[in-house]
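Shown next, in structure tokens, is the structure this report addresses.
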Amino acid sequence: MTPAPVLDLIKARGYIDDAQHEELSGQIQQSGKDVAQAIVDYGLMEREQVFGLIAEDLGAQYIDLRGFNPPPELIAAIPSGTARLYQAVPVSFDGNVLTVALADPLNPQTGEDLRFALGKEIVFCVADSKQVIDFIERIYTAGEGTGAMEDIISQLKKVALSDSDPDAETSSAPIVRYVDLVLEQAMREQASDIHFEPFEDQFKIRYRVDGALYEMAPPPLHLSNTIISRIKVMSNLNIAERRIPQDGRIVMSLAGRDVDFLPTTYGESVVLRVLDRSSVSLDLENLHLPPEIGEYIEKTIIKPNGIFIVTGPTGAGKTTTLYACLRRINTIDSKLLTAEDPVEYDVDGILQVPVNDGIGLTFSRILRAFLRQDPDKILVGEMRDVETAQIAIQASLTGHLVFSTLHTNDAPGAVTRLIDMGCEPFLVAASLEAVLGQRLLRTICTECVQPYEPSVALLGELNLNPEDIGEKKFYTGAGCETCSDTGYRGRQGLFELLDISEPIAEMITERAPTVMLRQKAIELGMSTLRDDGLRNIYEGRTTIEEVLKYT
């Protein structure tokens, strides 16, 4: 349940003042607690009182779901995938009116989306969010999802399109339920992306988990345009425009999903980037940074000015790292502004502005406006061009700490990239504090981890021999149900930190190439991505194959 509206409500009723509101909000951000439980732990009221107050504010009925066992026909009123996706529980069905309890009753968008998905007249009541989630887990069991997918695909095969209006079926129950099930299954598997890909003789749907792609059961080919149109409707996009790429966003109670559409030979390819905020911990301690890098970052992010860059390929976790830094310095005495494309994490206390190139709201234009807002710290989502980079440098030189990202292969490469863009080397050397190179690699599944002996050839690829490793042990995942027989579950970062010390700054001013900067940094004590990979191998977190793939 979204904390802000609940805290605003109890503040409006006089239970807390401004200072307590801010204190509670900070506690919820730090602990990740359910807002109702945080209010209980704070000693204000019991959970039942919290949800009773919400019901009173909404003019809705409060329902206690403990021991609630509805008949099968009532359970069937909301399909399994839809119930999980919207976190909704059917409470009663009177004539044509379905009464539903939501885990987040204060989110009006969820209610509207559910009405559209079910095509029914709905009345909402209020129940304890924990009871709603427990009910869904108890009644809509995890194993039912696969059977539900098979059932809905068989129904889709019977759907015939109208010749006069091929998009007429966009809001039909089977299409709506199928898209909901795809989203729900991807969420359950903790996917980062969902790909809808039309080809000449098939319509593929794949989702990416821990960096690897897995294929879902495909729907009938003739429904590809209808399914894509359904996603467009959910994303508030133009369903008639199929010639140019479009960007949109689906916002639901479980996660925000950014959607990109790209026209291809056989239709439109769609990618949904799943941003499940509940599964991401924005704390520096949870990034598994090497101790010396963690200590350096802690000192750097409280400096009054300078530039701190995180670099790496797309999907390397750069934004997550930067937001963990911002969360650490998000205090009452600092003004933090961000310019992003898109805004990935909503954080109380930080003013966030989404880039919109269509109306001229570019990174550089937003950054110029930021400097008139008297900020202390600024996050620029990406330094895409020389104008943005130059403004960031000027901002740092005039007393602001700037965070940003670049796409380069390693930390020293970021310096060369800034100079290649057209930034003056002496300004780069004067403003840059540090560059953090980052990769994400898969970690071994803790349920099926087991020791093994790597071959001499495999060790050779790491430039190691049996004498180098001594008594060190190596681990791999055997594969189990928990990790879908891959041997991996979850990901974590590999890091290398380039400290812009005086010798490095002098080399930057002299336009030294990347390879020389790298060699000098290693001489001065920089641990490379490969070094950090070896550390993770020896600690039993990942495998040799993963480190070789990403370093």
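Residues in the structure tokens are numbered from 1 in each chain, the chains being A, B, ... in the order shown, and ligands are numbered from 1 in the order shown.
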Long-range neighbours of Gly479 (chain A) as a PyMOL selection string, 12 Å cut-off, only C-alpha atoms, 6 positions minimum in chain:
chain A and resi 444-450+485-489
Please dump the current selection as a PDB file, in the first residue's frame; keep N, CA and C atoms.
```pdb
ATOM      1  N   ILE A 444      24.819 -17.759  -7.743  1.00  0.00           N
ATOM      2  CA  ILE A 444      24.472 -19.174  -7.625  1.00  0.00           C
ATOM      3  C   ILE A 444      23.233 -19.342  -6.747  1.00  0.00           C
ATOM      4  N   CYS A 445      22.329 -20.199  -7.166  1.00  0.00           N
ATOM      5  CA  CYS A 445      21.120 -20.500  -6.388  1.00  0.00           C
ATOM      6  C   CYS A 445      21.516 -21.104  -5.046  1.00  0.00           C
ATOM      7  N   THR A 446      21.028 -20.533  -3.966  1.00  0.00           N
ATOM      8  CA  THR A 446      21.403 -21.019  -2.632  1.00  0.00           C
ATOM      9  C   THR A 446      20.765 -22.363  -2.297  1.00  0.00           C
ATOM     10  N   GLU A 447      19.734 -22.754  -3.048  1.00  0.00           N
ATOM     11  CA  GLU A 447      19.048 -24.017  -2.766  1.00  0.00           C
ATOM     12  C   GLU A 447      19.796 -25.217  -3.348  1.00  0.00           C
ATOM     13  N   CYS A 448      20.564 -25.005  -4.408  1.00  0.00           N
ATOM     14  CA  CYS A 448      21.223 -26.155  -5.056  1.00  0.00           C
ATOM     15  C   CYS A 448      22.727 -25.933  -5.245  1.00  0.00           C
ATOM     16  N   VAL A 449      23.313 -25.016  -4.459  1.00  0.00           N
ATOM     17  CA  VAL A 449      24.745 -24.750  -4.572  1.00  0.00           C
ATOM     18  C   VAL A 449      25.546 -25.977  -4.162  1.00  0.00           C
ATOM     19  N   GLN A 450      26.615 -26.252  -4.885  1.00  0.00           N
ATOM     20  CA  GLN A 450      27.468 -27.395  -4.565  1.00  0.00           C
ATOM     21  C   GLN A 450      28.898 -27.116  -5.029  1.00  0.00           C
ATOM     22  N   ASP A 485      15.988 -24.826 -12.819  1.00  0.00           N
ATOM     23  CA  ASP A 485      17.062 -25.703 -13.314  1.00  0.00           C
ATOM     24  C   ASP A 485      18.194 -24.957 -14.002  1.00  0.00           C
ATOM     25  N   THR A 486      18.370 -23.683 -13.704  1.00  0.00           N
ATOM     26  CA  THR A 486      19.467 -22.924 -14.314  1.00  0.00           C
ATOM     27  C   THR A 486      20.723 -22.943 -13.442  1.00  0.00           C
ATOM     28  N   GLY A 487      20.545 -23.179 -12.139  1.00  0.00           N
ATOM     29  CA  GLY A 487      21.673 -23.116 -11.220  1.00  0.00           C
ATOM     30  C   GLY A 487      21.952 -21.717 -10.697  1.00  0.00           C
ATOM     31  N   TYR A 488      21.193 -20.728 -11.199  1.00  0.00           N
ATOM     32  CA  TYR A 488      21.381 -19.338 -10.775  1.00  0.00           C
ATOM     33  C   TYR A 488      20.062 -18.763 -10.269  1.00  0.00           C
ATOM     34  N   ARG A 489      20.142 -17.899  -9.272  1.00  0.00           N
ATOM     35  CA  ARG A 489      18.949 -17.204  -8.784  1.00  0.00           C
ATOM     36  C   ARG A 489      19.370 -15.837  -8.263  1.00  0.00           C
TER      37      ARG A 489
END
```
Give me, as a PyMOL selection string, all polymer residues having an atom no more than 10 Å from Ala212 (chain A), counting only C-alpha atoms and skipping those fewer than 2 positions away in the same chain. chain A and resi 191-192+206-210+214+442+486
Selection from above, C-alpha atoms, as a PDB file, in the first residue's frame, can you write it?
```pdb
ATOM      1  CA  ALA A 191      11.428 -10.742 -14.846  1.00  0.00           C
ATOM      2  CA  SER A 192      13.104  -7.469 -15.771  1.00  0.00           C
ATOM      3  CA  ARG A 206       9.737 -13.973 -23.968  1.00  0.00           C
ATOM      4  CA  TYR A 207      10.740 -12.615 -20.585  1.00  0.00           C
ATOM      5  CA  ARG A 208      14.177 -11.894 -19.171  1.00  0.00           C
ATOM      6  CA  VAL A 209      15.100 -13.238 -15.734  1.00  0.00           C
ATOM      7  CA  ASP A 210      18.564 -12.568 -14.282  1.00  0.00           C
ATOM      8  CA  TYR A 214      12.862 -17.541 -21.450  1.00  0.00           C
ATOM      9  CA  ARG A 442      24.038 -14.002 -11.938  1.00  0.00           C
ATOM     10  CA  THR A 486      19.467 -22.924 -14.314  1.00  0.00           C
TER      11      THR A 486
END
```
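When CA of Asn236 (chain A) is paired with CA of Leu272 (chain A), their separation reads 13.9 Å.
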Kindly assemble as JSON lines a list of the region 278-349 of chain A residues that lie within 9 Å of region 382-396 of chain A, each paired with its nearest atom pair and their distance in Å to one decimal, using only C-alpha atoms, sorted first by chain and then by ascending residue number.
```
{"residue": "A:Pro304", "atom": "CA", "partner": "A:Ser396", "partner_atom": "CA", "distance": 8.8}
{"residue": "A:Asn305", "atom": "CA", "partner": "A:Ser396", "partner_atom": "CA", "distance": 5.3}
{"residue": "A:Gly306", "atom": "CA", "partner": "A:Ser396", "partner_atom": "CA", "distance": 4.7}
{"residue": "A:Ile307", "atom": "CA", "partner": "A:Ser396", "partner_atom": "CA", "distance": 6.2}
{"residue": "A:Ala339", "atom": "CA", "partner": "A:Glu382", "partner_atom": "CA", "distance": 8.7}
{"residue": "A:Glu340", "atom": "CA", "partner": "A:Glu382", "partner_atom": "CA", "distance": 7.6}
{"residue": "A:Asp341", "atom": "CA", "partner": "A:Glu382", "partner_atom": "CA", "distance": 8.3}
```
Using only C-alpha atoms, the residue out of A:Lys335, A:Lys204, A:Lys299, A:Lys472 with shortest distance to Val270 (chain A) is A:Lys204
